[in-house]
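Data first, discussion second: the structure below is written as structure tokens.
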Amino acid sequence: MRRIAPFAALALAVVAVPVVVAQNAPALPGTPDKARVAAGTYIADPGHTMVVWEVDHFGFSRYTGLFGDVTGTLVIDPANPAAARVDVMIPVAKVTTASSGLTDHLLRAGKDGGKPDFFGASPADARFVSTSVVVDDDGDEARVTGNLTLNGVTRPVTLDVDFHGAGTNPFNKKATVGFKAEGTIRRSDFGITYGIPMVSDEVELEIHAAFEKQ
């Protein structure tokens with residue numbers, strides 16, 4: 001029994017440490033509490049907002065890239081969330097992938113002055129402007145429809161949006177709200193047809209967005 005006691009004490013200590021750490025851990029500034037959303041105009045936080053895209057490559061793998069440095073505005077009133085409006089710009093020229101060769105191809109000019117395979121050497125920013133917001137009964141999910149302009153073409157797109165959190169950024173003291181959105185587009189709708197169907201026409205989008213109140 002004397003030999004077992006030290007091991008029992010050690011086991012209790014191991015179990016207790018995570019509990020103590022959890023009790024002493026600071027609360028996150030943002031929480032999924034709708035009551036913390038302040039009405040007003042918000043500006044996208046470009047350092048913490050991104051559009052992640054994914055395509056199927058040859059049926060062998062899913063390939064992912066992203067657009068960052070997103071800018072734009074969100075106007076929201078928690079008393080009337082269906083009236084929310086979002087207008088954001090996505091810098092296509094800053095597309096990021098895991099392959100420098102692929103990134104170069106996405107931004108390569110067309111051969112002999114012809115149409116580029118993807119975005120071309122100096123692509124215009126993409127733009128999404130909401131046209132309607134339908135909020136669920138709980139008020140933390142919504143279907144946001146808007147017009148996406150990409151590659152010089154404008155098409156309607158619908159996104160499924162989840163409220164992620166709200167609170168005050170401890171560094172700049174600004175009220176901040178965050179969302180996650182998902183949707184699917186067909187790149188052929190925007191005149192980008194290179195590689196279809198070996199590289200899928202459907203592009204899945206996952207958007208993580210933070211907005212700071214002005």
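Labels for the structure tokens follow display order: chains A, B, ..., residues from 1 in each chain, ligands from 1.
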
*Near segment 50-61 of chain A, counting only C-alpha atoms, which residues have an atom at most 12 Å away, once you skip same-chain residues fewer than 4 positions from it, shown as a count of residues only?*
49

_Residue contacts of Gly167 of chain A (8 Å, only C-alpha atoms) excluding same-chain residues fewer than 6 positions away, as number ranges by chain_ = A: 29-31, 36-37, 175-177

Mind writing the picked residues with N, CA and C atoms as a PDB file, in the first residue's frame?
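Once everything was written out, this is selection_30.pdb:
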```
ATOM      1  N   PRO A  29     -12.149  36.809 -26.082  1.00  0.00           N
ATOM      2  CA  PRO A  29     -12.846  38.086 -26.307  1.00  0.00           C
ATOM      3  C   PRO A  29     -14.139  37.929 -27.093  1.00  0.00           C
ATOM      4  N   GLY A  30     -14.153  36.974 -28.032  1.00  0.00           N
ATOM      5  CA  GLY A  30     -15.346  36.762 -28.838  1.00  0.00           C
ATOM      6  C   GLY A  30     -16.076  35.497 -28.439  1.00  0.00           C
ATOM      7  N   THR A  31     -17.386  35.575 -28.334  1.00  0.00           N
ATOM      8  CA  THR A  31     -18.204  34.412 -28.000  1.00  0.00           C
ATOM      9  C   THR A  31     -19.434  34.404 -28.902  1.00  0.00           C
ATOM     10  N   ARG A  36     -24.178  40.359 -28.016  1.00  0.00           N
ATOM     11  CA  ARG A  36     -22.959  41.169 -28.014  1.00  0.00           C
ATOM     12  C   ARG A  36     -22.735  41.884 -29.346  1.00  0.00           C
ATOM     13  N   VAL A  37     -23.623  41.669 -30.310  1.00  0.00           N
ATOM     14  CA  VAL A  37     -23.491  42.329 -31.612  1.00  0.00           C
ATOM     15  C   VAL A  37     -24.060  43.739 -31.517  1.00  0.00           C
ATOM     16  N   ALA A 175     -15.326  46.883 -31.399  1.00  0.00           N
ATOM     17  CA  ALA A 175     -16.338  45.831 -31.424  1.00  0.00           C
ATOM     18  C   ALA A 175     -16.149  45.029 -32.708  1.00  0.00           C
ATOM     19  N   THR A 176     -16.159  43.707 -32.587  1.00  0.00           N
ATOM     20  CA  THR A 176     -15.861  42.831 -33.718  1.00  0.00           C
ATOM     21  C   THR A 176     -16.899  41.717 -33.796  1.00  0.00           C
ATOM     22  N   VAL A 177     -17.272  41.369 -35.036  1.00  0.00           N
ATOM     23  CA  VAL A 177     -18.164  40.234 -35.265  1.00  0.00           C
ATOM     24  C   VAL A 177     -17.505  39.314 -36.286  1.00  0.00           C
TER      25      VAL A 177
END
```

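The gap separating atom CA of Ser132 of chain A from atom CA of Pro81 of chain A is 10.6 Å, in Å to one decimal.
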
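Residues of segment 169-202 of chain A that DSSP, applied to the backbone, places in strand (DSSP E): Ala175, Thr176, Val177, Gly178, Phe179, Lys180, Ala181, Glu182, Gly183, Thr184, Ile185, Arg186 and Glu202 of chain A.
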
Using C-alpha atoms, can you write the selected residues to a file as a PDB file, in the first residue's frame?
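Once everything was written out, this is again_18.pdb:
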```
ATOM      1  CA  ALA A 175     -16.338  45.831 -31.424  1.00  0.00           C
ATOM      2  CA  THR A 176     -15.861  42.831 -33.718  1.00  0.00           C
ATOM      3  CA  VAL A 177     -18.164  40.234 -35.265  1.00  0.00           C
ATOM      4  CA  GLY A 178     -17.192  37.052 -37.089  1.00  0.00           C
ATOM      5  CA  PHE A 179     -18.892  34.640 -39.461  1.00  0.00           C
ATOM      6  CA  LYS A 180     -18.277  31.448 -41.401  1.00  0.00           C
ATOM      7  CA  ALA A 181     -19.914  31.013 -44.810  1.00  0.00           C
ATOM      8  CA  GLU A 182     -20.047  28.177 -47.320  1.00  0.00           C
ATOM      9  CA  GLY A 183     -21.193  28.022 -50.923  1.00  0.00           C
ATOM     10  CA  THR A 184     -20.497  26.546 -54.345  1.00  0.00           C
ATOM     11  CA  ILE A 185     -19.972  28.224 -57.697  1.00  0.00           C
ATOM     12  CA  ARG A 186     -19.285  26.950 -61.201  1.00  0.00           C
ATOM     13  CA  GLU A 202     -17.599  23.219 -59.248  1.00  0.00           C
TER      14      GLU A 202
END
```

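Note that the spacing between atom CA of Pro32 of chain A and atom CA of Asp140 of chain A amounts to 8.5 Å.
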
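Closest approach to Asp137 of chain A among A:Ala166, A:Ala39, A:Ala82, A:Ala109 is made by A:Ala82 (distances from only C-alpha atoms).
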
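Counting only C-alpha atoms and comparing A:Ala93, A:Ile192, A:Leu107, A:Ala83, the residue that lies closest to Val133 of chain A is A:Ala83.
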
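Between atom CA of Arg85 of chain A and atom CA of Asp33 of chain A the interatomic distance comes to 20.2 Å.
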
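Compared by their closest atoms to Ile43 of chain A, and using only C-alpha atoms, the residues A:Leu102, A:Leu74, A:Val135, A:Pro156 rank with A:Leu74 nearest.
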
*Output as number ranges by chain all residues of segment 86-184 of chain A that backbone DSSP marks as helix (DSSP H, G or I).*
A: 92-94, 100-106, 111-113

*For Thr41 of chain A: contacts at 8 Å, only C-alpha atoms, fewer than 3 positions along chain excluded, given as a PyMOL selection string*: chain A and resi 73-76+213-214

Write the residues of the preceding selection, restricted to C-alpha atoms, as a PDB file, in the first residue's frame.
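Full text of again_14.pdb as output:
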```
ATOM      1  CA  THR A  73     -18.199  46.722 -45.316  1.00  0.00           C
ATOM      2  CA  LEU A  74     -20.952  45.079 -43.315  1.00  0.00           C
ATOM      3  CA  VAL A  75     -23.974  47.019 -42.102  1.00  0.00           C
ATOM      4  CA  ILE A  76     -25.916  45.151 -39.438  1.00  0.00           C
ATOM      5  CA  LYS A 213     -17.066  48.383 -36.026  1.00  0.00           C
ATOM      6  CA  GLN A 214     -16.198  51.889 -37.165  1.00  0.00           C
TER       7      GLN A 214
END
```
